[in-house]
$ cat query24.cif   # mmCIF, N, CA and C atoms
data_target
#
loop_
_atom_site.group_PDB
_atom_site.id
_atom_site.type_symbol
_atom_site.label_atom_id
_atom_site.label_comp_id
_atom_site.auth_asym_id
_atom_site.auth_seq_id
_atom_site.Cartn_x
_atom_site.Cartn_y
_atom_site.Cartn_z
ATOM 1 N N MET U 5 81.266 -50.476 -22.665
ATOM 2 C CA MET U 5 81.296 -51.925 -22.674
ATOM 3 C C MET U 5 80.134 -52.452 -21.839
ATOM 4 N N VAL U 6 79.671 -53.628 -22.207
ATOM 5 C CA VAL U 6 78.588 -54.281 -21.497
ATOM 6 C C VAL U 6 79.146 -55.524 -20.833
ATOM 7 N N PHE U 7 78.808 -55.720 -19.544
ATOM 8 C CA PHE U 7 79.329 -56.852 -18.794
ATOM 9 C C PHE U 7 78.199 -57.786 -18.381
ATOM 10 N N THR U 8 78.536 -59.065 -18.243
ATOM 11 C CA THR U 8 77.587 -60.046 -17.730
ATOM 12 C C THR U 8 77.585 -59.964 -16.210
ATOM 13 N N MET U 9 76.696 -60.718 -15.577
ATOM 14 C CA MET U 9 76.640 -60.743 -14.121
ATOM 15 C C MET U 9 77.899 -61.354 -13.519
ATOM 16 N N ASP U 10 78.662 -62.114 -14.315
ATOM 17 C CA ASP U 10 79.919 -62.714 -13.849
ATOM 18 C C ASP U 10 81.096 -61.758 -13.997
ATOM 19 N N GLY U 11 80.859 -60.571 -14.564
ATOM 20 C CA GLY U 11 81.929 -59.608 -14.744
ATOM 21 C C GLY U 11 82.693 -59.766 -16.042
ATOM 22 N N GLU U 12 82.221 -60.653 -16.918
ATOM 23 C CA GLU U 12 82.885 -60.837 -18.203
ATOM 24 C C GLU U 12 82.319 -59.849 -19.222
ATOM 25 N N VAL U 13 83.136 -59.525 -20.208
ATOM 26 C CA VAL U 13 82.696 -58.606 -21.245
ATOM 27 C C VAL U 13 81.674 -59.316 -22.131
ATOM 28 N N ALA U 14 80.472 -58.745 -22.213
ATOM 29 C CA ALA U 14 79.414 -59.346 -23.019
ATOM 30 C C ALA U 14 79.425 -58.794 -24.440
ATOM 31 N N ASP U 15 79.853 -57.565 -24.582
ATOM 32 C CA ASP U 15 79.885 -56.933 -25.883
ATOM 33 C C ASP U 15 81.102 -56.027 -25.903
ATOM 34 N N VAL U 16 81.955 -56.221 -26.860
ATOM 35 C CA VAL U 16 83.185 -55.456 -26.911
ATOM 36 C C VAL U 16 82.911 -53.991 -27.255
ATOM 37 N N LEU U 17 81.957 -53.743 -28.124
ATOM 38 C CA LEU U 17 81.685 -52.375 -28.552
ATOM 39 C C LEU U 17 80.200 -52.187 -28.785
ATOM 40 N N ILE U 18 79.635 -51.150 -28.193
ATOM 41 C CA ILE U 18 78.242 -50.821 -28.441
ATOM 42 C C ILE U 18 78.182 -50.088 -29.774
ATOM 43 N N ASP U 19 77.160 -50.348 -30.538
ATOM 44 C CA ASP U 19 77.049 -49.785 -31.877
ATOM 45 C C ASP U 19 76.601 -48.325 -31.825
ATOM 46 N N TYR U 20 77.543 -47.425 -31.524
ATOM 47 C CA TYR U 20 77.230 -46.003 -31.424
ATOM 48 C C TYR U 20 76.915 -45.398 -32.788
ATOM 49 N N ASP U 21 77.567 -45.896 -33.831
ATOM 50 C CA ASP U 21 77.329 -45.349 -35.169
ATOM 51 C C ASP U 21 75.870 -45.487 -35.570
ATOM 52 N N ARG U 22 75.296 -46.626 -35.307
ATOM 53 C CA ARG U 22 73.888 -46.860 -35.654
ATOM 54 C C ARG U 22 72.991 -45.930 -34.842
ATOM 55 N N PHE U 23 73.295 -45.767 -33.565
ATOM 56 C CA PHE U 23 72.521 -44.862 -32.704
ATOM 57 C C PHE U 23 72.631 -43.424 -33.197
ATOM 58 N N MET U 24 73.837 -42.982 -33.529
ATOM 59 C CA MET U 24 74.042 -41.612 -33.981
ATOM 60 C C MET U 24 73.358 -41.369 -35.322
ATOM 61 N N ASP U 25 73.429 -42.314 -36.238
ATOM 62 C CA ASP U 25 72.753 -42.178 -37.531
ATOM 63 C C ASP U 25 71.258 -42.001 -37.341
ATOM 64 N N LYS U 26 70.681 -42.800 -36.459
ATOM 65 C CA LYS U 26 69.243 -42.703 -36.204
ATOM 66 C C LYS U 26 68.893 -41.348 -35.596
ATOM 67 N N ALA U 27 69.675 -40.897 -34.639
ATOM 68 C CA ALA U 27 69.420 -39.612 -33.986
ATOM 69 C C ALA U 27 69.537 -38.456 -34.979
ATOM 70 N N LEU U 28 70.550 -38.500 -35.829
ATOM 71 C CA LEU U 28 70.723 -37.446 -36.832
ATOM 72 C C LEU U 28 69.593 -37.446 -37.850
ATOM 73 N N ASN U 29 69.182 -38.624 -38.283
ATOM 74 C CA ASN U 29 68.079 -38.708 -39.244
ATOM 75 C C ASN U 29 66.784 -38.176 -38.652
ATOM 76 N N GLU U 30 66.499 -38.531 -37.410
ATOM 77 C CA GLU U 30 65.278 -38.038 -36.748
ATOM 78 C C GLU U 30 65.325 -36.530 -36.578
ATOM 79 N N GLY U 31 66.478 -35.992 -36.200
ATOM 80 C CA GLY U 31 66.627 -34.550 -36.036
ATOM 81 C C GLY U 31 66.471 -33.814 -37.346
ATOM 82 N N THR U 32 67.076 -34.343 -38.404
ATOM 83 C CA THR U 32 66.975 -33.729 -39.729
ATOM 84 C C THR U 32 65.533 -33.729 -40.209
ATOM 85 N N THR U 33 64.845 -34.824 -40.002
ATOM 86 C CA THR U 33 63.441 -34.920 -40.416
ATOM 87 C C THR U 33 62.592 -33.903 -39.666
ATOM 88 N N ARG U 34 62.833 -33.738 -38.383
ATOM 89 C CA ARG U 34 62.064 -32.765 -37.592
ATOM 90 C C ARG U 34 62.300 -31.343 -38.088
ATOM 91 N N VAL U 35 63.545 -31.014 -38.400
ATOM 92 C CA VAL U 35 63.847 -29.671 -38.895
ATOM 93 C C VAL U 35 63.140 -29.432 -40.220
ATOM 94 N N GLU U 36 63.134 -30.425 -41.098
ATOM 95 C CA GLU U 36 62.446 -30.286 -42.388
ATOM 96 C C GLU U 36 60.947 -30.071 -42.185
ATOM 97 N N ILE U 37 60.351 -30.824 -41.277
ATOM 98 C CA ILE U 37 58.923 -30.670 -40.988
ATOM 99 C C ILE U 37 58.648 -29.278 -40.442
ATOM 100 N N ILE U 38 59.499 -28.813 -39.528
ATOM 101 C CA ILE U 38 59.317 -27.487 -38.933
ATOM 102 C C ILE U 38 59.384 -26.404 -40.001
ATOM 103 N N LYS U 39 60.393 -26.468 -40.864
ATOM 104 C CA LYS U 39 60.549 -25.446 -41.903
ATOM 105 C C LYS U 39 59.362 -25.439 -42.870
ATOM 106 N N LYS U 40 58.886 -26.618 -43.252
ATOM 107 C CA LYS U 40 57.729 -26.686 -44.150
ATOM 108 C C LYS U 40 56.478 -26.162 -43.471
ATOM 109 N N ALA U 41 56.319 -26.464 -42.191
ATOM 110 C CA ALA U 41 55.152 -25.979 -41.450
ATOM 111 C C ALA U 41 55.189 -24.460 -41.309
ATOM 112 N N ILE U 42 56.365 -23.893 -41.108
ATOM 113 C CA ILE U 42 56.511 -22.438 -41.028
ATOM 114 C C ILE U 42 56.115 -21.814 -42.365
ATOM 115 N N GLN U 43 56.579 -22.408 -43.453
ATOM 116 C CA GLN U 43 56.239 -21.891 -44.784
ATOM 117 C C GLN U 43 54.738 -21.953 -45.042
ATOM 118 N N GLN U 44 54.074 -22.947 -44.479
ATOM 119 C CA GLN U 44 52.633 -23.091 -44.662
ATOM 120 C C GLN U 44 51.833 -22.211 -43.713
ATOM 121 N N GLY U 45 52.528 -21.521 -42.804
ATOM 122 C CA GLY U 45 51.862 -20.577 -41.922
ATOM 123 C C GLY U 45 51.370 -21.134 -40.597
ATOM 124 N N TYR U 46 51.838 -22.321 -40.222
ATOM 125 C CA TYR U 46 51.427 -22.886 -38.936
ATOM 126 C C TYR U 46 52.065 -22.110 -37.784
ATOM 127 N N SER U 47 51.382 -22.045 -36.676
ATOM 128 C CA SER U 47 51.909 -21.333 -35.503
ATOM 129 C C SER U 47 52.927 -22.204 -34.779
ATOM 130 N N ILE U 48 53.723 -21.552 -33.964
ATOM 131 C CA ILE U 48 54.743 -22.265 -33.197
ATOM 132 C C ILE U 48 54.108 -23.269 -32.233
ATOM 133 N N ASP U 49 52.937 -22.952 -31.715
ATOM 134 C CA ASP U 49 52.243 -23.861 -30.794
ATOM 135 C C ASP U 49 51.858 -25.167 -31.491
ATOM 136 N N VAL U 50 51.322 -25.044 -32.696
ATOM 137 C CA VAL U 50 50.906 -26.219 -33.450
ATOM 138 C C VAL U 50 52.119 -27.057 -33.849
ATOM 139 N N ILE U 51 53.173 -26.391 -34.296
ATOM 140 C CA ILE U 51 54.384 -27.102 -34.726
ATOM 141 C C ILE U 51 55.021 -27.830 -33.543
ATOM 142 N N ALA U 52 55.065 -27.197 -32.387
ATOM 143 C CA ALA U 52 55.655 -27.823 -31.200
ATOM 144 C C ALA U 52 54.947 -29.125 -30.853
ATOM 145 N N VAL U 53 53.635 -29.125 -30.966
ATOM 146 C CA VAL U 53 52.869 -30.344 -30.694
ATOM 147 C C VAL U 53 53.144 -31.389 -31.775
ATOM 148 N N LEU U 54 53.199 -30.939 -33.024
ATOM 149 C CA LEU U 54 53.408 -31.844 -34.148
ATOM 150 C C LEU U 54 54.731 -32.597 -34.062
ATOM 151 N N VAL U 55 55.814 -31.888 -33.751
ATOM 152 C CA VAL U 55 57.139 -32.513 -33.729
ATOM 153 C C VAL U 55 57.599 -32.910 -32.328
ATOM 154 N N GLU U 56 56.735 -32.675 -31.345
ATOM 155 C CA GLU U 56 57.015 -33.053 -29.957
ATOM 156 C C GLU U 56 58.303 -32.436 -29.422
ATOM 157 N N LEU U 57 58.428 -31.111 -29.643
ATOM 158 C CA LEU U 57 59.558 -30.353 -29.114
ATOM 159 C C LEU U 57 59.036 -29.127 -28.387
ATOM 160 N N ARG U 58 59.836 -28.629 -27.449
ATOM 161 C CA ARG U 58 59.466 -27.410 -26.744
ATOM 162 C C ARG U 58 59.540 -26.208 -27.696
ATOM 163 N N LYS U 59 58.715 -25.227 -27.448
ATOM 164 C CA LYS U 59 58.666 -24.036 -28.310
ATOM 165 C C LYS U 59 59.997 -23.287 -28.336
ATOM 166 N N ASP U 60 60.716 -23.252 -27.202
ATOM 167 C CA ASP U 60 61.985 -22.526 -27.172
ATOM 168 C C ASP U 60 63.039 -23.162 -28.076
ATOM 169 N N LEU U 61 62.898 -24.455 -28.375
ATOM 170 C CA LEU U 61 63.827 -25.120 -29.287
ATOM 171 C C LEU U 61 63.487 -24.839 -30.747
ATOM 172 N N ILE U 62 62.227 -24.544 -31.004
ATOM 173 C CA ILE U 62 61.759 -24.299 -32.369
ATOM 174 C C ILE U 62 61.889 -22.826 -32.749
ATOM 175 N N LYS U 63 61.795 -21.944 -31.776
ATOM 176 C CA LYS U 63 61.754 -20.503 -32.014
ATOM 177 C C LYS U 63 62.877 -19.991 -32.920
ATOM 178 N N PRO U 64 64.135 -20.444 -32.774
ATOM 179 C CA PRO U 64 65.194 -19.938 -33.675
ATOM 180 C C PRO U 64 64.915 -20.219 -35.160
ATOM 181 N N LEU U 65 64.186 -21.252 -35.479
ATOM 182 C CA LEU U 65 63.886 -21.567 -36.872
ATOM 183 C C LEU U 65 62.875 -20.579 -37.464
ATOM 184 N N PHE U 66 62.109 -19.912 -36.636
ATOM 185 C CA PHE U 66 61.174 -18.917 -37.116
ATOM 186 C C PHE U 66 61.909 -17.652 -37.565
ATOM 187 N N LYS U 67 63.098 -17.445 -37.049
ATOM 188 C CA LYS U 67 63.864 -16.251 -37.374
ATOM 189 C C LYS U 67 64.762 -16.439 -38.595
ATOM 190 N N SER U 68 64.997 -17.684 -38.988
ATOM 191 C CA SER U 68 65.930 -17.930 -40.099
ATOM 192 C C SER U 68 65.274 -17.844 -41.443
#

$ encode --input "query24.cif" --output "structure tokens"
Amino acid sequence: MVFTMDGEVADVLIDYDRFMDKALNEGTTRVEIIKKAIQQGYSIDVIAVLVELRKDLIKPLFKS
């Protein structure tokens, strides 16, 4: 819940569904980019920079 400076409820419910949808879509898109880049022969270093993720998070996709 979000409160005003007077302590009153400013927003009854934060829109978590919209936030979660956006996060899932961004994650799905990154995985698709990673898989396509692996198929094209890009190195893990290049892919990590491209999708702005650490190499240790991408490494399991190289094994699948």

$ closest_residue --input "query24.cif" --among "U:Lys67, U:Ile62, U:Val35, U:Thr8" --to "Ile48 in chain U" --atoms "only N, CA and C atoms"
U:Ile62

$ select_by_dssp --input "query24.cif" --residues "chain U" --states "helix (DSSP H, G or I)" --output "JSON, numbers by chain"
{"U": [20, 21, 22, 23, 24, 25, 26, 27, 28, 29, 30, 31, 32, 33, 34, 35, 36, 37, 38, 39, 40, 41, 42, 43, 48, 49, 50, 51, 52, 53, 54, 55, 59, 60, 61, 62, 63, 64, 65, 66, 67]}

$ write_last_selection --input "query24.cif" --atoms "N, CA and C atoms" --output "short mmCIF file (atom, residue, chain, number, x, y, z; two decimals), in the frame of the given file"
data_model
loop_
_atom_site.label_atom_id
_atom_site.label_comp_id
_atom_site.auth_asym_id
_atom_site.auth_seq_id
_atom_site.Cartn_x
_atom_site.Cartn_y
_atom_site.Cartn_z
N TYR U 20 77.54 -47.42 -31.52
CA TYR U 20 77.23 -46.00 -31.42
C TYR U 20 76.92 -45.40 -32.79
N ASP U 21 77.57 -45.90 -33.83
CA ASP U 21 77.33 -45.35 -35.17
C ASP U 21 75.87 -45.49 -35.57
N ARG U 22 75.30 -46.63 -35.31
CA ARG U 22 73.89 -46.86 -35.65
C ARG U 22 72.99 -45.93 -34.84
N PHE U 23 73.30 -45.77 -33.56
CA PHE U 23 72.52 -44.86 -32.70
C PHE U 23 72.63 -43.42 -33.20
N MET U 24 73.84 -42.98 -33.53
CA MET U 24 74.04 -41.61 -33.98
C MET U 24 73.36 -41.37 -35.32
N ASP U 25 73.43 -42.31 -36.24
CA ASP U 25 72.75 -42.18 -37.53
C ASP U 25 71.26 -42.00 -37.34
N LYS U 26 70.68 -42.80 -36.46
CA LYS U 26 69.24 -42.70 -36.20
C LYS U 26 68.89 -41.35 -35.60
N ALA U 27 69.68 -40.90 -34.64
CA ALA U 27 69.42 -39.61 -33.99
C ALA U 27 69.54 -38.46 -34.98
N LEU U 28 70.55 -38.50 -35.83
CA LEU U 28 70.72 -37.45 -36.83
C LEU U 28 69.59 -37.45 -37.85
N ASN U 29 69.18 -38.62 -38.28
CA ASN U 29 68.08 -38.71 -39.24
C ASN U 29 66.78 -38.18 -38.65
N GLU U 30 66.50 -38.53 -37.41
CA GLU U 30 65.28 -38.04 -36.75
C GLU U 30 65.32 -36.53 -36.58
N GLY U 31 66.48 -35.99 -36.20
CA GLY U 31 66.63 -34.55 -36.04
C GLY U 31 66.47 -33.81 -37.35
N THR U 32 67.08 -34.34 -38.40
CA THR U 32 66.97 -33.73 -39.73
C THR U 32 65.53 -33.73 -40.21
N THR U 33 64.84 -34.82 -40.00
CA THR U 33 63.44 -34.92 -40.42
C THR U 33 62.59 -33.90 -39.67
N ARG U 34 62.83 -33.74 -38.38
CA ARG U 34 62.06 -32.76 -37.59
C ARG U 34 62.30 -31.34 -38.09
N VAL U 35 63.54 -31.01 -38.40
CA VAL U 35 63.85 -29.67 -38.90
C VAL U 35 63.14 -29.43 -40.22
N GLU U 36 63.13 -30.42 -41.10
CA GLU U 36 62.45 -30.29 -42.39
C GLU U 36 60.95 -30.07 -42.18
N ILE U 37 60.35 -30.82 -41.28
CA ILE U 37 58.92 -30.67 -40.99
C ILE U 37 58.65 -29.28 -40.44
N ILE U 38 59.50 -28.81 -39.53
CA ILE U 38 59.32 -27.49 -38.93
C ILE U 38 59.38 -26.40 -40.00
N LYS U 39 60.39 -26.47 -40.86
CA LYS U 39 60.55 -25.45 -41.90
C LYS U 39 59.36 -25.44 -42.87
N LYS U 40 58.89 -26.62 -43.25
CA LYS U 40 57.73 -26.69 -44.15
C LYS U 40 56.48 -26.16 -43.47
N ALA U 41 56.32 -26.46 -42.19
CA ALA U 41 55.15 -25.98 -41.45
C ALA U 41 55.19 -24.46 -41.31
N ILE U 42 56.36 -23.89 -41.11
CA ILE U 42 56.51 -22.44 -41.03
C ILE U 42 56.12 -21.81 -42.36
N GLN U 43 56.58 -22.41 -43.45
CA GLN U 43 56.24 -21.89 -44.78
C GLN U 43 54.74 -21.95 -45.04
N ILE U 48 53.72 -21.55 -33.96
CA ILE U 48 54.74 -22.26 -33.20
C ILE U 48 54.11 -23.27 -32.23
N ASP U 49 52.94 -22.95 -31.72
CA ASP U 49 52.24 -23.86 -30.79
C ASP U 49 51.86 -25.17 -31.49
N VAL U 50 51.32 -25.04 -32.70
CA VAL U 50 50.91 -26.22 -33.45
C VAL U 50 52.12 -27.06 -33.85
N ILE U 51 53.17 -26.39 -34.30
CA ILE U 51 54.38 -27.10 -34.73
C ILE U 51 55.02 -27.83 -33.54
N ALA U 52 55.06 -27.20 -32.39
CA ALA U 52 55.66 -27.82 -31.20
C ALA U 52 54.95 -29.12 -30.85
N VAL U 53 53.64 -29.12 -30.97
CA VAL U 53 52.87 -30.34 -30.69
C VAL U 53 53.14 -31.39 -31.78
N LEU U 54 53.20 -30.94 -33.02
CA LEU U 54 53.41 -31.84 -34.15
C LEU U 54 54.73 -32.60 -34.06
N VAL U 55 55.81 -31.89 -33.75
CA VAL U 55 57.14 -32.51 -33.73
C VAL U 55 57.60 -32.91 -32.33
N LYS U 59 58.72 -25.23 -27.45
CA LYS U 59 58.67 -24.04 -28.31
C LYS U 59 60.00 -23.29 -28.34
N ASP U 60 60.72 -23.25 -27.20
CA ASP U 60 61.98 -22.53 -27.17
C ASP U 60 63.04 -23.16 -28.08
N LEU U 61 62.90 -24.46 -28.38
CA LEU U 61 63.83 -25.12 -29.29
C LEU U 61 63.49 -24.84 -30.75
N ILE U 62 62.23 -24.54 -31.00
CA ILE U 62 61.76 -24.30 -32.37
C ILE U 62 61.89 -22.83 -32.75
N LYS U 63 61.80 -21.94 -31.78
CA LYS U 63 61.75 -20.50 -32.01
C LYS U 63 62.88 -19.99 -32.92
N PRO U 64 64.14 -20.44 -32.77
CA PRO U 64 65.19 -19.94 -33.67
C PRO U 64 64.92 -20.22 -35.16
N LEU U 65 64.19 -21.25 -35.48
CA LEU U 65 63.89 -21.57 -36.87
C LEU U 65 62.88 -20.58 -37.46
N PHE U 66 62.11 -19.91 -36.64
CA PHE U 66 61.17 -18.92 -37.12
C PHE U 66 61.91 -17.65 -37.56
N LYS U 67 63.10 -17.44 -37.05
CA LYS U 67 63.86 -16.25 -37.37
C LYS U 67 64.76 -16.44 -38.60
#

$ atom_distance --input "query24.cif" --atom1 "CA of Val50 in chain U" --atom2 "CA of Leu65 in chain U"
14.2 Å

$ closest_residue --input "query24.cif" --among "U:Asp25, U:Glu30, U:Phe66, U:Val55" --to "Ile42 in chain U" --atoms "only C-alpha atoms"
U:Phe66

$ atom_distance --input "query24.cif" --atom1 "CA of Glu36 in chain U" --atom2 "CA of Asp60 in chain U"
17.1 Å

$ atom_distance --input "query24.cif" --atom1 "CA of Ala52 in chain U" --atom2 "CA of Thr32 in chain U"
15.4 Å

$ select_by_dssp --input "query24.cif" --residues "chain U" --states "strand (DSSP E)" --output "ChimeraX atom specification"
/U:6-7,13-15

$ write_last_selection --input "query24.cif" --atoms "N, CA and C atoms" --output "tab-separated table (two decimals), keeping the file's coordinate frame"
chain	number	residue	atom	x	y	z
U	6	VAL	N	79.67	-53.63	-22.21
U	6	VAL	CA	78.59	-54.28	-21.50
U	6	VAL	C	79.15	-55.52	-20.83
U	7	PHE	N	78.81	-55.72	-19.54
U	7	PHE	CA	79.33	-56.85	-18.79
U	7	PHE	C	78.20	-57.79	-18.38
U	13	VAL	N	83.14	-59.52	-20.21
U	13	VAL	CA	82.70	-58.61	-21.24
U	13	VAL	C	81.67	-59.32	-22.13
U	14	ALA	N	80.47	-58.74	-22.21
U	14	ALA	CA	79.41	-59.35	-23.02
U	14	ALA	C	79.42	-58.79	-24.44
U	15	ASP	N	79.85	-57.56	-24.58
U	15	ASP	CA	79.89	-56.93	-25.88
U	15	ASP	C	81.10	-56.03	-25.90

$ build_atoms --input "query24.cif" --residues "range 34-44 of chain U" --atoms "all heavy atoms" --output "PDB file, keeping the file's coordinate frame"
ATOM      1  N   ARG U  34      62.833 -33.738 -38.383  1.00  0.00           N
ATOM      2  CA  ARG U  34      62.064 -32.765 -37.592  1.00  0.00           C
ATOM      3  C   ARG U  34      62.300 -31.343 -38.088  1.00  0.00           C
ATOM      4  O   ARG U  34      61.371 -30.553 -38.191  1.00  0.00           O
ATOM      5  CB  ARG U  34      62.412 -32.867 -36.112  1.00  0.00           C
ATOM      6  CG  ARG U  34      61.785 -34.048 -35.445  1.00  0.00           C
ATOM      7  CD  ARG U  34      62.068 -34.060 -33.982  1.00  0.00           C
ATOM      8  NE  ARG U  34      61.367 -35.164 -33.349  1.00  0.00           N
ATOM      9  CZ  ARG U  34      61.446 -35.439 -32.086  1.00  0.00           C
ATOM     10  NH1 ARG U  34      62.205 -34.706 -31.286  1.00  0.00           N
ATOM     11  NH2 ARG U  34      60.786 -36.456 -31.575  1.00  0.00           N
ATOM     12  N   VAL U  35      63.545 -31.014 -38.400  1.00  0.00           N
ATOM     13  CA  VAL U  35      63.847 -29.671 -38.895  1.00  0.00           C
ATOM     14  C   VAL U  35      63.140 -29.432 -40.220  1.00  0.00           C
ATOM     15  O   VAL U  35      62.574 -28.359 -40.449  1.00  0.00           O
ATOM     16  CB  VAL U  35      65.372 -29.454 -39.030  1.00  0.00           C
ATOM     17  CG1 VAL U  35      65.685 -28.169 -39.787  1.00  0.00           C
ATOM     18  CG2 VAL U  35      66.035 -29.434 -37.659  1.00  0.00           C
ATOM     19  N   GLU U  36      63.134 -30.425 -41.098  1.00  0.00           N
ATOM     20  CA  GLU U  36      62.446 -30.286 -42.388  1.00  0.00           C
ATOM     21  C   GLU U  36      60.947 -30.071 -42.185  1.00  0.00           C
ATOM     22  O   GLU U  36      60.338 -29.220 -42.851  1.00  0.00           O
ATOM     23  CB  GLU U  36      62.691 -31.520 -43.253  1.00  0.00           C
ATOM     24  CG  GLU U  36      64.114 -31.631 -43.760  1.00  0.00           C
ATOM     25  CD  GLU U  36      64.406 -32.947 -44.458  1.00  0.00           C
ATOM     26  OE1 GLU U  36      63.504 -33.806 -44.556  1.00  0.00           O
ATOM     27  OE2 GLU U  36      65.545 -33.122 -44.909  1.00  0.00           O
ATOM     28  N   ILE U  37      60.351 -30.824 -41.277  1.00  0.00           N
ATOM     29  CA  ILE U  37      58.923 -30.670 -40.988  1.00  0.00           C
ATOM     30  C   ILE U  37      58.648 -29.278 -40.442  1.00  0.00           C
ATOM     31  O   ILE U  37      57.683 -28.616 -40.846  1.00  0.00           O
ATOM     32  CB  ILE U  37      58.448 -31.752 -39.991  1.00  0.00           C
ATOM     33  CG1 ILE U  37      58.467 -33.127 -40.669  1.00  0.00           C
ATOM     34  CG2 ILE U  37      57.058 -31.420 -39.446  1.00  0.00           C
ATOM     35  CD1 ILE U  37      58.259 -34.281 -39.710  1.00  0.00           C
ATOM     36  N   ILE U  38      59.499 -28.813 -39.528  1.00  0.00           N
ATOM     37  CA  ILE U  38      59.317 -27.487 -38.933  1.00  0.00           C
ATOM     38  C   ILE U  38      59.384 -26.404 -40.001  1.00  0.00           C
ATOM     39  O   ILE U  38      58.532 -25.518 -40.065  1.00  0.00           O
ATOM     40  CB  ILE U  38      60.354 -27.232 -37.823  1.00  0.00           C
ATOM     41  CG1 ILE U  38      60.109 -28.166 -36.638  1.00  0.00           C
ATOM     42  CG2 ILE U  38      60.342 -25.777 -37.377  1.00  0.00           C
ATOM     43  CD1 ILE U  38      61.255 -28.236 -35.651  1.00  0.00           C
ATOM     44  N   LYS U  39      60.393 -26.468 -40.864  1.00  0.00           N
ATOM     45  CA  LYS U  39      60.549 -25.446 -41.903  1.00  0.00           C
ATOM     46  C   LYS U  39      59.362 -25.439 -42.870  1.00  0.00           C
ATOM     47  O   LYS U  39      58.877 -24.379 -43.259  1.00  0.00           O
ATOM     48  CB  LYS U  39      61.861 -25.650 -42.651  1.00  0.00           C
ATOM     49  CG  LYS U  39      63.071 -25.254 -41.840  1.00  0.00           C
ATOM     50  CD  LYS U  39      64.329 -25.329 -42.654  1.00  0.00           C
ATOM     51  CE  LYS U  39      65.501 -24.760 -41.877  1.00  0.00           C
ATOM     52  NZ  LYS U  39      66.713 -24.671 -42.678  1.00  0.00           N
ATOM     53  N   LYS U  40      58.886 -26.618 -43.252  1.00  0.00           N
ATOM     54  CA  LYS U  40      57.729 -26.686 -44.150  1.00  0.00           C
ATOM     55  C   LYS U  40      56.478 -26.162 -43.471  1.00  0.00           C
ATOM     56  O   LYS U  40      55.666 -25.463 -44.093  1.00  0.00           O
ATOM     57  CB  LYS U  40      57.519 -28.124 -44.636  1.00  0.00           C
ATOM     58  CG  LYS U  40      58.565 -28.556 -45.642  1.00  0.00           C
ATOM     59  CD  LYS U  40      58.350 -29.980 -46.109  1.00  0.00           C
ATOM     60  CE  LYS U  40      59.469 -30.385 -47.051  1.00  0.00           C
ATOM     61  NZ  LYS U  40      59.334 -31.763 -47.501  1.00  0.00           N
ATOM     62  N   ALA U  41      56.319 -26.464 -42.191  1.00  0.00           N
ATOM     63  CA  ALA U  41      55.152 -25.979 -41.450  1.00  0.00           C
ATOM     64  C   ALA U  41      55.189 -24.460 -41.309  1.00  0.00           C
ATOM     65  O   ALA U  41      54.160 -23.799 -41.411  1.00  0.00           O
ATOM     66  CB  ALA U  41      55.085 -26.654 -40.076  1.00  0.00           C
ATOM     67  N   ILE U  42      56.365 -23.893 -41.108  1.00  0.00           N
ATOM     68  CA  ILE U  42      56.511 -22.438 -41.028  1.00  0.00           C
ATOM     69  C   ILE U  42      56.115 -21.814 -42.365  1.00  0.00           C
ATOM     70  O   ILE U  42      55.382 -20.823 -42.405  1.00  0.00           O
ATOM     71  CB  ILE U  42      57.956 -22.047 -40.640  1.00  0.00           C
ATOM     72  CG1 ILE U  42      58.248 -22.447 -39.185  1.00  0.00           C
ATOM     73  CG2 ILE U  42      58.184 -20.549 -40.839  1.00  0.00           C
ATOM     74  CD1 ILE U  42      59.705 -22.332 -38.791  1.00  0.00           C
ATOM     75  N   GLN U  43      56.579 -22.408 -43.453  1.00  0.00           N
ATOM     76  CA  GLN U  43      56.239 -21.891 -44.784  1.00  0.00           C
ATOM     77  C   GLN U  43      54.738 -21.953 -45.042  1.00  0.00           C
ATOM     78  O   GLN U  43      54.194 -21.097 -45.732  1.00  0.00           O
ATOM     79  CB  GLN U  43      56.973 -22.691 -45.869  1.00  0.00           C
ATOM     80  CG  GLN U  43      58.458 -22.449 -45.915  1.00  0.00           C
ATOM     81  CD  GLN U  43      59.165 -23.366 -46.891  1.00  0.00           C
ATOM     82  OE1 GLN U  43      58.587 -24.320 -47.406  1.00  0.00           O
ATOM     83  NE2 GLN U  43      60.432 -23.080 -47.148  1.00  0.00           N
ATOM     84  N   GLN U  44      54.074 -22.947 -44.479  1.00  0.00           N
ATOM     85  CA  GLN U  44      52.633 -23.091 -44.662  1.00  0.00           C
ATOM     86  C   GLN U  44      51.833 -22.211 -43.713  1.00  0.00           C
ATOM     87  O   GLN U  44      50.606 -22.157 -43.792  1.00  0.00           O
ATOM     88  CB  GLN U  44      52.223 -24.564 -44.466  1.00  0.00           C
ATOM     89  CG  GLN U  44      52.783 -25.500 -45.513  1.00  0.00           C
ATOM     90  CD  GLN U  44      52.240 -25.197 -46.895  1.00  0.00           C
ATOM     91  OE1 GLN U  44      51.065 -24.935 -47.065  1.00  0.00           O
ATOM     92  NE2 GLN U  44      53.113 -25.243 -47.887  1.00  0.00           N
TER      93      GLN U  44
END
